[in-house]
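Heads up, the thing below is written out as structure tokens.
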There are 2 protein chains.
Amino acid sequence: MFENKETTNLSAFGEFGLIEHLTKNIKIRRSSTLKGVGDDAAVLDLTKGKTVVSTDLLCEGVHFDMTFTPLKHLGYKSIVVNLSDIYAMNATPSQVTVSMAISSRFTVEAVEEIYQGMLLACDQYNVDLVGGDTTSSMAGLMISVTAIGIANEKDIAYRNGAEENDIICVSGDLGAAYMGLQVLEREKAVFKENPQAQPDLSGNDYILERQLKPEARKDVIDMLAELKIKPSAMIDVSDGLASDLIHICKQSDVGCQIYEERIPLDHNTVDAAEKFNLNPTTAALNGGEDYELLFTIKPEDYEKIKGHVELHPIGHIADKGAGYRMVAKGDAVVELTAQGWNAFGNEQPKEEE
Amino acid sequence: MFENKETTNLSAFGEFGLIEHLTKNIKIRRSSTLKGVGDDAAVLDLTKGKTVVSTDLLCEGVHFDMTFTPLKHLGYKSIVVNLSDIYAMNATPSQVTVSMAISSRFTVEAVEEIYQGMLLACDQYNVDLVGGDTTSSMAGLMISVTAIGIANEKDIAYRNGAEENDIICVSGDLGAAYMGLQVLEREKAVFKENPQAQPDLSGNDYILERQLKPEARKDVIDMLAELKIKPSAMIDVSDGLASDLIHICKQSDVGCQIYEERIPLDHNTVDAAEKFNLNPTTAALNGGEDYELLFTIKPEDYEKIKGHVELHPIGHIADKGAGYRMVAKGDAVVELTAQGWNAFGNEQPKEEE
């Protein structure tokens, strides 16, 4: 027998019913969560340290494209990008609240998929989903997440603590998420031309996963603690290395010098960039969405990370007057600019020569 | 000379520039705010009690209509409705984070207006705006606010603490915001028919203000503290008296009986209802957006609020088997139903006979 997969219209539930339906299976993991979903507000015990709070908004057509974004991945990513901000403070996330605006073209099953992805991320990172609001939108899907975390005051890494001669480090590798997006955009264009075509995503698993289902670098925070390193400044790479490094420099009132050959790139990123006739360094500098951690450490901590497989020194903090510089592979010095990503101007990252 | 009021396109700023521009004048009032806007996350000291967290989403075309909603009021209201949830826990709000998705038809000046309204509310209620995200949307304006507050654990009023014979009370008056909305909708319809027509809002100041610029009942929390009353259960009236009372009853596993003649109505609400040929009780039961506090108290506390000008006993908690009942003015007993407000079904409150 065929299974008849039924779909349910959102209006069948109504607002209360839907929220109840979505939240009924939520488990509470943290002893700091005294009361989760279901009252006017959640109740938390955040007395064991300082609290960090961050909020992010993901909008359809701006931050994600429903044509190629699996809903469960989208839910997962919406939590992860917020947790990434908490880790970027050198803190441990403990709770999230979630608001969703959904156009009526979505079914209850679609919303469930998103929620499943969110709860999977909560499970993976050991955080509690403690509150939320779900409503309809005029057009498109919008997900707003607020993440709460906790840290000892002395451990918190702000953006403004970098000092001259500090070593600039980045975790993992950069530019992959941007190249993953290029592949998805290409296949979307092919599909538009010929709806019979099967998308060709083969061999791109790594960069696609980096785009569609990124992870936050909890492990890097643990590594730093183990190495007894407190970053003098830290940020997560959401807008691209150039833009996020400039954030640190501006807030710390310093300049910087990084070395192109030190920027960590995965070979899949390099391969894909080659196929697209793009410079992989550009993808790293301006692509964004890597959710790696970019941080500075004291020169005396350098020995602790030297040769570390996940933590890569890429340059150093300089005097403010030095500006924001990259020594390119041919030894030419280029100025870094905060292209980042302009949600209002829809600018694409540009090649930098 | 005419003043040339210039408008600025959102893309002129870009995402970082806009956020910087909007947040540069934010003042920090609370000693619990260690770091506000400007890093990956805000840093708070919430060690002095238990923390309460609530989140709400307001969407254009669903929760507000740009045709008749002044932007500054909208910003004000978006904060107030969240603070109302914090007060409904018998807690004191201390911080908010704000996310906005804005379609490109908005100018920088328009977004500034919204922000001004938000900051005015923060000023009024002594809370800090500590974080936010501003981005573009495919269509429409969307505002997501997360509010954080603090309370002593023993003071927190949940929805689930109501017991048989507790007195059901409500602050202020009900139904006004809904009647204000009817006036605005009427004038919008008139304007659509004849764009030369001037809107006739005269004599409706009170109900219009209740709709467009509601206040959260901080004063009621203070009154209760002064009267040494801890509500056994509390909720804010956002969906209508019937719906919110049923929330308390369901979560407390009890029934209720209220008396129609005890439901507080302002004379402006009654007058407007009459003109619209609506039953003002219906506006109170199912209109919503009153942001009054609905709470239950122990019978022994009744003497403390008897005759209070702002706190009105409207009935009592009954055995679960009694259901949710209202004794109507003619002594008929009617069943209360949670019409509330279905953001997905676009149902209008219905007359209840």
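Identifiers for the structure tokens are assigned positionally: chains receive A, B, ... in sequence, residues are indexed from 1 per chain, and ligands are indexed from 1 in the order shown.
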Residues of chain A within 7 Å of chain B, using only C-alpha atoms, as a short mmCIF file (atom, residue, chain, number, x, y, z; two decimals) with all heavy atoms, in the first residue's frame?
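After the write, result-v9.cif holds the following:
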```cif
data_model
loop_
_atom_site.label_atom_id
_atom_site.label_comp_id
_atom_site.auth_asym_id
_atom_site.auth_seq_id
_atom_site.Cartn_x
_atom_site.Cartn_y
_atom_site.Cartn_z
N LEU A 10 -2.07 25.48 7.64
CA LEU A 10 -1.74 26.15 8.91
C LEU A 10 -2.98 26.60 9.67
O LEU A 10 -3.03 26.54 10.89
CB LEU A 10 -0.84 27.36 8.66
CG LEU A 10 0.65 27.07 8.47
CD1 LEU A 10 1.38 28.36 8.19
CD2 LEU A 10 1.22 26.39 9.70
N SER A 11 -3.99 27.08 8.94
CA SER A 11 -5.15 27.65 9.62
C SER A 11 -5.94 26.57 10.36
O SER A 11 -6.76 26.88 11.22
CB SER A 11 -6.05 28.37 8.63
OG SER A 11 -6.50 27.47 7.65
N GLY A 14 -4.57 27.09 14.00
CA GLY A 14 -4.63 28.36 14.71
C GLY A 14 -3.33 28.57 15.43
O GLY A 14 -2.51 27.66 15.55
N GLU A 15 -3.16 29.78 15.93
CA GLU A 15 -1.87 30.15 16.50
C GLU A 15 -1.54 29.33 17.76
O GLU A 15 -0.46 28.77 17.87
CB GLU A 15 -1.88 31.65 16.82
CG GLU A 15 -0.49 32.17 17.11
CD GLU A 15 -0.51 33.68 17.36
OE1 GLU A 15 -1.50 34.34 17.01
OE2 GLU A 15 0.48 34.16 17.93
N ASP A 39 4.37 29.80 29.27
CA ASP A 39 3.83 30.87 30.11
C ASP A 39 4.06 32.20 29.38
O ASP A 39 4.40 32.21 28.20
CB ASP A 39 4.50 30.85 31.49
CG ASP A 39 3.53 31.25 32.59
OD1 ASP A 39 3.07 32.40 32.57
OD2 ASP A 39 3.24 30.41 33.45
N ASP A 40 3.83 33.32 30.06
CA ASP A 40 4.11 34.60 29.41
C ASP A 40 5.59 34.74 29.09
O ASP A 40 5.97 35.42 28.15
CB ASP A 40 3.68 35.76 30.32
CG ASP A 40 2.18 35.80 30.50
OD1 ASP A 40 1.49 36.08 29.51
OD2 ASP A 40 1.69 35.53 31.60
N ALA A 41 6.41 34.11 29.91
CA ALA A 41 7.86 34.20 29.72
C ALA A 41 8.50 32.93 30.28
O ALA A 41 7.90 32.23 31.10
CB ALA A 41 8.41 35.43 30.46
N ALA A 42 9.69 32.63 29.81
CA ALA A 42 10.46 31.54 30.39
C ALA A 42 11.13 32.05 31.66
O ALA A 42 11.33 33.26 31.82
CB ALA A 42 11.52 31.06 29.41
N VAL A 43 11.46 31.16 32.57
CA VAL A 43 12.14 31.55 33.81
C VAL A 43 13.47 30.81 33.89
O VAL A 43 13.51 29.57 33.77
CB VAL A 43 11.28 31.25 35.05
CG1 VAL A 43 12.00 31.69 36.32
CG2 VAL A 43 9.93 31.95 34.94
N LEU A 44 14.54 31.55 34.05
CA LEU A 44 15.88 30.99 34.03
C LEU A 44 16.65 31.37 35.29
O LEU A 44 16.40 32.42 35.88
CB LEU A 44 16.65 31.51 32.81
CG LEU A 44 15.92 31.49 31.47
CD1 LEU A 44 16.80 32.13 30.39
CD2 LEU A 44 15.55 30.08 31.08
N ASP A 45 17.58 30.52 35.64
CA ASP A 45 18.48 30.85 36.73
C ASP A 45 19.84 31.14 36.12
O ASP A 45 20.57 30.23 35.73
CB ASP A 45 18.58 29.66 37.70
CG ASP A 45 19.50 29.98 38.87
OD1 ASP A 45 20.30 30.94 38.77
OD2 ASP A 45 19.42 29.29 39.90
N LEU A 46 20.18 32.41 36.00
CA LEU A 46 21.44 32.81 35.35
C LEU A 46 22.38 33.44 36.37
O LEU A 46 23.10 34.38 36.08
CB LEU A 46 21.13 33.77 34.19
CG LEU A 46 20.17 33.20 33.13
CD1 LEU A 46 19.80 34.27 32.11
CD2 LEU A 46 20.79 32.01 32.42
N THR A 47 22.35 32.89 37.57
CA THR A 47 23.12 33.50 38.65
C THR A 47 24.55 32.97 38.73
O THR A 47 25.33 33.45 39.52
CB THR A 47 22.43 33.23 40.02
OG1 THR A 47 22.20 31.82 40.13
CG2 THR A 47 21.09 33.94 40.11
N LYS A 48 24.87 31.99 37.87
CA LYS A 48 26.18 31.36 38.02
C LYS A 48 27.29 32.03 37.21
O LYS A 48 28.37 31.46 37.04
CB LYS A 48 26.08 29.88 37.61
CG LYS A 48 25.17 29.07 38.54
CD LYS A 48 25.79 27.77 38.98
CE LYS A 48 24.96 27.07 40.04
NZ LYS A 48 24.12 26.00 39.51
N LYS A 50 28.11 35.63 34.25
CA LYS A 50 27.51 36.72 33.51
C LYS A 50 26.72 36.13 32.34
O LYS A 50 27.09 35.07 31.81
CB LYS A 50 28.58 37.68 33.00
CG LYS A 50 29.35 38.35 34.12
CD LYS A 50 28.46 39.21 35.00
CE LYS A 50 29.21 39.80 36.19
NZ LYS A 50 29.00 39.02 37.44
N THR A 51 25.67 36.84 31.93
CA THR A 51 24.82 36.36 30.86
C THR A 51 25.17 37.06 29.55
O THR A 51 25.39 38.28 29.55
CB THR A 51 23.35 36.65 31.22
OG1 THR A 51 23.05 36.01 32.45
CG2 THR A 51 22.41 36.16 30.14
N VAL A 52 25.23 36.32 28.47
CA VAL A 52 25.40 36.95 27.16
C VAL A 52 24.16 36.67 26.32
O VAL A 52 23.58 35.59 26.41
CB VAL A 52 26.68 36.46 26.43
CG1 VAL A 52 27.92 36.86 27.20
CG2 VAL A 52 26.67 34.97 26.21
N VAL A 53 23.74 37.67 25.56
CA VAL A 53 22.50 37.59 24.79
C VAL A 53 22.75 38.08 23.38
O VAL A 53 23.33 39.15 23.18
CB VAL A 53 21.39 38.47 25.41
CG1 VAL A 53 20.10 38.33 24.63
CG2 VAL A 53 21.17 38.12 26.85
N SER A 54 22.29 37.32 22.41
CA SER A 54 22.48 37.72 21.02
C SER A 54 21.25 37.38 20.21
O SER A 54 20.54 36.42 20.51
CB SER A 54 23.69 36.99 20.44
OG SER A 54 23.88 37.37 19.12
N THR A 55 20.98 38.17 19.19
CA THR A 55 19.77 37.95 18.40
C THR A 55 20.10 38.08 16.92
O THR A 55 20.97 38.86 16.53
CB THR A 55 18.66 38.92 18.85
OG1 THR A 55 17.43 38.50 18.33
CG2 THR A 55 18.92 40.33 18.41
N ASP A 56 19.45 37.28 16.10
CA ASP A 56 19.69 37.26 14.66
C ASP A 56 18.39 36.99 13.93
O ASP A 56 17.53 36.28 14.44
CB ASP A 56 20.67 36.14 14.30
CG ASP A 56 22.03 36.65 13.93
OD1 ASP A 56 22.11 37.63 13.18
OD2 ASP A 56 23.02 36.07 14.40
N LEU A 57 18.32 37.49 12.74
CA LEU A 57 17.11 37.37 11.94
C LEU A 57 17.48 36.77 10.60
O LEU A 57 18.41 37.25 9.95
CB LEU A 57 16.57 38.79 11.75
CG LEU A 57 15.20 39.01 11.20
CD1 LEU A 57 14.15 38.35 12.06
CD2 LEU A 57 14.93 40.52 11.15
N CYS A 59 15.89 35.95 6.87
CA CYS A 59 14.73 36.22 6.02
C CYS A 59 14.83 35.50 4.68
O CYS A 59 15.87 35.54 4.03
CB CYS A 59 14.63 37.72 5.71
SG CYS A 59 14.42 38.72 7.15
N GLY A 61 14.66 34.92 0.89
CA GLY A 61 14.94 35.82 -0.24
C GLY A 61 16.10 36.75 0.05
O GLY A 61 16.61 37.42 -0.85
N VAL A 62 16.50 36.82 1.32
CA VAL A 62 17.63 37.68 1.68
C VAL A 62 18.76 36.80 2.23
O VAL A 62 19.88 36.82 1.74
CB VAL A 62 17.22 38.74 2.73
CG1 VAL A 62 18.40 39.62 3.10
CG2 VAL A 62 16.06 39.57 2.22
N ASP A 85 27.41 33.23 17.76
CA ASP A 85 27.64 34.54 18.40
C ASP A 85 27.96 34.38 19.89
O ASP A 85 28.73 35.16 20.45
CB ASP A 85 26.41 35.43 18.25
CG ASP A 85 26.34 36.08 16.88
OD1 ASP A 85 27.39 36.49 16.35
OD2 ASP A 85 25.23 36.19 16.33
N ILE A 86 27.33 33.42 20.51
CA ILE A 86 27.57 33.19 21.95
C ILE A 86 28.99 32.64 22.15
O ILE A 86 29.75 33.11 23.00
CB ILE A 86 26.52 32.23 22.55
CG1 ILE A 86 25.10 32.78 22.36
CG2 ILE A 86 26.83 31.93 24.02
CD1 ILE A 86 24.82 34.08 23.08
N ALA A 88 31.40 33.14 20.22
CA ALA A 88 32.33 34.23 19.88
C ALA A 88 32.58 35.17 21.06
O ALA A 88 33.47 36.01 21.01
CB ALA A 88 31.81 35.01 18.68
N MET A 89 31.79 35.04 22.12
CA MET A 89 32.06 35.78 23.35
C MET A 89 32.88 34.92 24.32
O MET A 89 33.13 35.32 25.44
CB MET A 89 30.75 36.19 24.04
CG MET A 89 29.80 37.04 23.22
SD MET A 89 30.50 38.64 22.73
CE MET A 89 30.44 39.56 24.26
N THR A 97 15.35 31.43 22.32
CA THR A 97 13.94 31.64 22.00
C THR A 97 13.84 31.82 20.48
O THR A 97 14.79 32.29 19.85
CB THR A 97 13.33 32.88 22.68
OG1 THR A 97 13.99 34.06 22.18
CG2 THR A 97 13.49 32.84 24.18
N SER A 99 11.31 33.02 17.13
CA SER A 99 10.09 33.57 16.54
C SER A 99 10.08 33.28 15.06
O SER A 99 11.10 33.44 14.39
CB SER A 99 10.02 35.09 16.75
OG SER A 99 9.71 35.39 18.07
N GLY A 131 11.26 29.44 24.50
CA GLY A 131 10.17 30.35 24.22
C GLY A 131 10.08 30.64 22.75
O GLY A 131 11.02 30.38 22.00
N GLY A 132 8.93 31.16 22.36
CA GLY A 132 8.81 31.46 20.95
C GLY A 132 7.48 32.04 20.59
O GLY A 132 6.55 32.08 21.40
N ASP A 133 7.40 32.48 19.38
CA ASP A 133 6.19 33.08 18.86
C ASP A 133 6.12 32.61 17.41
O ASP A 133 7.12 32.59 16.71
CB ASP A 133 6.30 34.60 18.94
CG ASP A 133 4.96 35.28 18.81
OD1 ASP A 133 3.93 34.58 18.81
OD2 ASP A 133 4.93 36.51 18.70
N THR A 135 3.75 33.08 13.93
CA THR A 135 2.64 33.85 13.39
C THR A 135 2.71 33.82 11.87
O THR A 135 3.60 33.21 11.29
CB THR A 135 2.69 35.29 13.94
OG1 THR A 135 1.54 35.99 13.50
CG2 THR A 135 3.91 36.02 13.47
N SER A 136 1.74 34.41 11.22
CA SER A 136 1.76 34.41 9.76
C SER A 136 2.46 35.67 9.24
O SER A 136 2.60 36.65 9.95
CB SER A 136 0.35 34.31 9.21
OG SER A 136 -0.39 35.45 9.56
N SER A 137 2.94 35.60 8.03
CA SER A 137 3.58 36.76 7.42
C SER A 137 2.86 37.09 6.12
O SER A 137 2.15 36.27 5.57
CB SER A 137 5.05 36.46 7.13
OG SER A 137 5.16 35.70 5.94
N MET A 138 3.04 38.31 5.66
CA MET A 138 2.47 38.72 4.37
C MET A 138 3.12 37.95 3.24
O MET A 138 2.49 37.58 2.27
CB MET A 138 2.72 40.22 4.12
CG MET A 138 1.86 41.10 4.96
SD MET A 138 1.56 42.72 4.20
CE MET A 138 3.11 43.15 3.48
N ALA A 139 4.43 37.78 3.34
CA ALA A 139 5.16 37.08 2.29
C ALA A 139 6.43 36.52 2.88
O ALA A 139 7.11 37.19 3.64
CB ALA A 139 5.49 38.05 1.16
N GLY A 140 6.71 35.30 2.53
CA GLY A 140 8.00 34.73 2.91
C GLY A 140 8.07 34.25 4.34
O GLY A 140 7.16 34.44 5.14
N SER A 144 13.50 34.53 13.63
CA SER A 144 14.30 35.35 14.54
C SER A 144 14.63 34.51 15.76
O SER A 144 13.74 33.93 16.38
CB SER A 144 13.48 36.58 14.94
OG SER A 144 14.09 37.24 16.00
N TYR A 158 35.65 40.13 24.23
CA TYR A 158 34.98 41.17 23.46
C TYR A 158 35.71 41.38 22.14
O TYR A 158 36.78 40.82 21.90
CB TYR A 158 34.97 42.47 24.26
CG TYR A 158 34.09 42.42 25.49
CD1 TYR A 158 34.63 42.15 26.75
CD2 TYR A 158 32.73 42.64 25.40
CE1 TYR A 158 33.82 42.09 27.88
CE2 TYR A 158 31.92 42.60 26.53
CZ TYR A 158 32.47 42.33 27.76
OH TYR A 158 31.67 42.29 28.86
N ARG A 159 35.16 42.23 21.31
CA ARG A 159 35.83 42.55 20.05
C ARG A 159 36.92 43.60 20.24
O ARG A 159 37.74 43.80 19.36
CB ARG A 159 34.82 43.11 19.04
CG ARG A 159 33.78 42.11 18.60
CD ARG A 159 32.80 42.75 17.63
NE ARG A 159 31.79 41.79 17.18
CZ ARG A 159 30.76 42.10 16.41
NH1 ARG A 159 30.60 43.36 16.00
NH2 ARG A 159 29.90 41.18 16.03
N ILE A 235 35.53 37.20 17.42
CA ILE A 235 34.30 37.44 16.64
C ILE A 235 34.07 36.18 15.82
O ILE A 235 35.02 35.43 15.58
CB ILE A 235 34.49 38.70 15.73
CG1 ILE A 235 33.18 39.15 15.09
CG2 ILE A 235 35.54 38.44 14.65
CD1 ILE A 235 33.30 40.51 14.37
N ASN A 342 25.92 43.28 2.22
CA ASN A 342 24.97 44.35 2.45
C ASN A 342 23.56 43.86 2.18
O ASN A 342 23.15 43.71 1.03
CB ASN A 342 25.32 45.52 1.53
CG ASN A 342 24.41 46.70 1.77
OD1 ASN A 342 23.36 46.57 2.41
ND2 ASN A 342 24.80 47.84 1.26
N ALA A 343 22.84 43.61 3.24
CA ALA A 343 21.48 43.06 3.11
C ALA A 343 20.56 44.04 2.40
O ALA A 343 19.51 43.66 1.91
CB ALA A 343 20.92 42.69 4.47
N PHE A 344 20.95 45.29 2.34
CA PHE A 344 20.07 46.27 1.71
C PHE A 344 20.43 46.55 0.26
O PHE A 344 19.59 46.89 -0.54
CB PHE A 344 20.06 47.58 2.50
CG PHE A 344 19.50 47.39 3.86
CD1 PHE A 344 20.30 47.46 4.98
CD2 PHE A 344 18.18 47.07 4.03
CE1 PHE A 344 19.78 47.26 6.23
CE2 PHE A 344 17.64 46.86 5.28
CZ PHE A 344 18.45 46.96 6.39
N GLY A 345 21.72 46.40 -0.06
CA GLY A 345 22.13 46.77 -1.41
C GLY A 345 22.24 45.57 -2.34
O GLY A 345 22.43 45.74 -3.53
#
```
Do a neighbour search on Gly288 of chain B at 7 Å with only C-alpha atoms, toss out local chain neighbours closer than 6 positions, and write the hits as a ChimeraX atom specification.
/B:175,178,237-240
Atoms to include: C-alpha atoms. Write the selected residues as a short mmCIF file (atom, residue, chain, number, x, y, z; two decimals), in the first residue's frame.
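Now in part.cif:
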```cif
data_model
loop_
_atom_site.label_atom_id
_atom_site.label_comp_id
_atom_site.auth_asym_id
_atom_site.auth_seq_id
_atom_site.Cartn_x
_atom_site.Cartn_y
_atom_site.Cartn_z
CA GLY B 175 -12.19 46.16 24.83
CA TYR B 178 -10.43 46.56 19.71
CA VAL B 237 -4.67 40.29 28.17
CA SER B 238 -3.33 40.19 24.65
CA ASP B 239 -5.80 37.80 23.00
CA GLY B 240 -8.98 38.86 24.82
#
```
Do a neighbour search on Glu310 of chain B at 10 Å with only C-alpha atoms, toss out local chain neighbours closer than 3 positions, and write the hits as a count of residues only.
11
Please list as a JSON list (two decimals) with all heavy atoms, in the first residue's frame every residue within 7 Å of segment 108-114 of chain B, counting only C-alpha atoms and excluding residues in the same chain fewer than 2 positions away.
```
[["chain", "number", "residue", "atom", "x", "y", "z"],
["B", 7, "THR", "N", 15.03, 62.49, 2.28],
["B", 7, "THR", "CA", 14.91, 61.10, 2.68],
["B", 7, "THR", "C", 16.10, 60.31, 2.14],
["B", 7, "THR", "O", 16.68, 60.68, 1.12],
["B", 7, "THR", "CB", 13.61, 60.45, 2.16],
["B", 7, "THR", "OG1", 13.63, 60.51, 0.73],
["B", 7, "THR", "CG2", 12.39, 61.15, 2.70],
["B", 8, "THR", "N", 16.45, 59.29, 2.85],
["B", 8, "THR", "CA", 17.64, 58.53, 2.51],
["B", 8, "THR", "C", 17.27, 57.08, 2.24],
["B", 8, "THR", "O", 16.55, 56.47, 3.03],
["B", 8, "THR", "CB", 18.64, 58.57, 3.68],
["B", 8, "THR", "OG1", 18.71, 59.92, 4.16],
["B", 8, "THR", "CG2", 20.02, 58.10, 3.25],
["B", 9, "ASN", "N", 17.74, 56.58, 1.13],
["B", 9, "ASN", "CA", 17.49, 55.19, 0.79],
["B", 9, "ASN", "C", 18.26, 54.27, 1.74],
["B", 9, "ASN", "O", 19.39, 54.56, 2.10],
["B", 9, "ASN", "CB", 17.94, 54.98, -0.65],
["B", 9, "ASN", "CG", 17.36, 53.73, -1.23],
["B", 9, "ASN", "OD1", 17.78, 52.64, -0.86],
["B", 9, "ASN", "ND2", 16.36, 53.89, -2.07],
["B", 10, "LEU", "N", 17.63, 53.18, 2.11],
["B", 10, "LEU", "CA", 18.28, 52.25, 3.05],
["B", 10, "LEU", "C", 19.62, 51.75, 2.54],
["B", 10, "LEU", "O", 20.56, 51.57, 3.31],
["B", 10, "LEU", "CB", 17.38, 51.04, 3.31],
["B", 10, "LEU", "CG", 16.27, 51.22, 4.33],
["B", 10, "LEU", "CD1", 15.47, 49.95, 4.45],
["B", 10, "LEU", "CD2", 16.86, 51.60, 5.69],
["B", 22, "LEU", "N", 21.61, 53.79, 13.91],
["B", 22, "LEU", "CA", 20.41, 53.71, 14.75],
["B", 22, "LEU", "C", 20.76, 53.57, 16.23],
["B", 22, "LEU", "O", 20.01, 54.01, 17.09],
["B", 22, "LEU", "CB", 19.55, 52.52, 14.33],
["B", 22, "LEU", "CG", 18.87, 52.61, 12.95],
["B", 22, "LEU", "CD1", 18.23, 51.28, 12.61],
["B", 22, "LEU", "CD2", 17.84, 53.73, 12.93],
["B", 71, "LEU", "N", 4.68, 55.32, 12.65],
["B", 71, "LEU", "CA", 5.86, 54.47, 12.85],
["B", 71, "LEU", "C", 6.40, 54.56, 14.27],
["B", 71, "LEU", "O", 6.85, 53.57, 14.85],
["B", 71, "LEU", "CB", 6.95, 54.88, 11.86],
["B", 71, "LEU", "CG", 6.64, 54.54, 10.41],
["B", 71, "LEU", "CD1", 7.62, 55.24, 9.47],
["B", 71, "LEU", "CD2", 6.69, 53.03, 10.21],
["B", 72, "LYS", "N", 6.37, 55.76, 14.82],
["B", 72, "LYS", "CA", 6.90, 55.92, 16.17],
["B", 72, "LYS", "C", 6.04, 55.15, 17.19],
["B", 72, "LYS", "O", 6.57, 54.51, 18.09],
["B", 72, "LYS", "CB", 6.95, 57.41, 16.54],
["B", 72, "LYS", "CG", 7.90, 57.74, 17.65],
["B", 72, "LYS", "CD", 8.08, 59.24, 17.80],
["B", 72, "LYS", "CE", 8.80, 59.55, 19.10],
["B", 72, "LYS", "NZ", 8.92, 61.01, 19.30],
["B", 74, "LEU", "N", 4.37, 52.53, 16.46],
["B", 74, "LEU", "CA", 4.61, 51.12, 16.20],
["B", 74, "LEU", "C", 5.85, 50.63, 16.96],
["B", 74, "LEU", "O", 5.85, 49.56, 17.58],
["B", 74, "LEU", "CB", 4.79, 50.89, 14.70],
["B", 74, "LEU", "CG", 5.11, 49.47, 14.28],
["B", 74, "LEU", "CD1", 3.98, 48.53, 14.66],
["B", 74, "LEU", "CD2", 5.39, 49.42, 12.78],
["B", 75, "GLY", "N", 6.91, 51.45, 16.91],
["B", 75, "GLY", "CA", 8.11, 51.10, 17.65],
["B", 75, "GLY", "C", 7.84, 51.03, 19.15],
["B", 75, "GLY", "O", 8.26, 50.09, 19.83],
["B", 106, "PHE", "N", 11.03, 51.28, 2.64],
["B", 106, "PHE", "CA", 11.22, 52.15, 3.80],
["B", 106, "PHE", "C", 12.48, 52.99, 3.62],
["B", 106, "PHE", "O", 13.47, 52.53, 3.06],
["B", 106, "PHE", "CB", 11.36, 51.33, 5.08],
["B", 106, "PHE", "CG", 10.06, 50.80, 5.58],
["B", 106, "PHE", "CD1", 9.55, 49.60, 5.13],
["B", 106, "PHE", "CD2", 9.31, 51.53, 6.48],
["B", 106, "PHE", "CE1", 8.33, 49.11, 5.58],
["B", 106, "PHE", "CE2", 8.09, 51.07, 6.95],
["B", 106, "PHE", "CZ", 7.61, 49.85, 6.48],
["B", 116, "GLN", "N", 13.03, 55.49, 17.30],
["B", 116, "GLN", "CA", 12.74, 56.53, 18.30],
["B", 116, "GLN", "C", 11.61, 56.08, 19.21],
["B", 116, "GLN", "O", 11.65, 56.29, 20.42],
["B", 116, "GLN", "CB", 12.37, 57.84, 17.61],
["B", 116, "GLN", "CG", 13.60, 58.65, 17.22],
["B", 116, "GLN", "CD", 13.24, 59.81, 16.32],
["B", 116, "GLN", "OE1", 12.09, 60.24, 16.26],
["B", 116, "GLN", "NE2", 14.22, 60.31, 15.59],
["B", 117, "GLY", "N", 10.59, 55.48, 18.62],
["B", 117, "GLY", "CA", 9.48, 54.97, 19.42],
["B", 117, "GLY", "C", 9.95, 53.88, 20.38],
["B", 117, "GLY", "O", 9.56, 53.84, 21.55],
["B", 118, "MET", "N", 10.82, 53.02, 19.88],
["B", 118, "MET", "CA", 11.35, 51.95, 20.74],
["B", 118, "MET", "C", 12.14, 52.53, 21.90],
["B", 118, "MET", "O", 11.98, 52.10, 23.05],
["B", 118, "MET", "CB", 12.27, 51.04, 19.92],
["B", 118, "MET", "CG", 11.54, 50.17, 18.92],
["B", 118, "MET", "SD", 12.75, 49.22, 17.96],
["B", 118, "MET", "CE", 11.65, 48.02, 17.20]]
```
Strand (DSSP E) per DSSP on the backbone: members of segment 20-64 of chain B, as a PyMOL selection string:
chain B and resi 33-35+42-44+50-59
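The shortest atom-to-atom distance to Leu311 of chain A, with only C-alpha atoms taken into account, belongs to A:Ile229 out of A:Leu129, A:Ile207, A:Leu212, A:Ile229.
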What's around Ala162 of chain B at 7 Å? Count only C-alpha atoms, leave out sequence neighbours fewer than 5 positions away in its own chain, and write the answer as a compact mmCIF listing (two decimals) with N, CA, C and O atoms, in the first residue's frame.
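Written output follows (selection_12.txt):
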```
# COMPACT_ATOMS: atom_id res chain seq x y z
N SER B 232 -1.94 34.38 42.54
CA SER B 232 -1.71 32.93 42.44
C SER B 232 -1.48 32.53 40.99
O SER B 232 -0.83 31.53 40.70
N ALA B 233 -2.00 33.32 40.04
CA ALA B 233 -1.73 33.12 38.61
C ALA B 233 -1.87 34.47 37.93
O ALA B 233 -2.59 35.35 38.41
N SER B 252 -3.98 25.74 35.02
CA SER B 252 -4.17 25.50 36.46
C SER B 252 -5.10 24.31 36.70
O SER B 252 -5.34 23.94 37.85
N THR B 296 -5.30 36.04 39.45
CA THR B 296 -6.14 35.47 40.50
C THR B 296 -5.45 35.71 41.84
O THR B 296 -4.23 35.70 41.93
```
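Distance-wise, atom CA of Ile297 of chain B and atom CA of Ala177 of chain B end up 25.8 Å apart.
Atom CA of Asn286 of chain A sits 11.4 Å away from atom CA of Ala176 of chain A.
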Spatial neighbours of Ala216 of chain A, 8 Å, only C-alpha atoms, chain gap at least 4 places, as a PyMOL selection string
chain A and resi 80-81+83-84+87+291-292
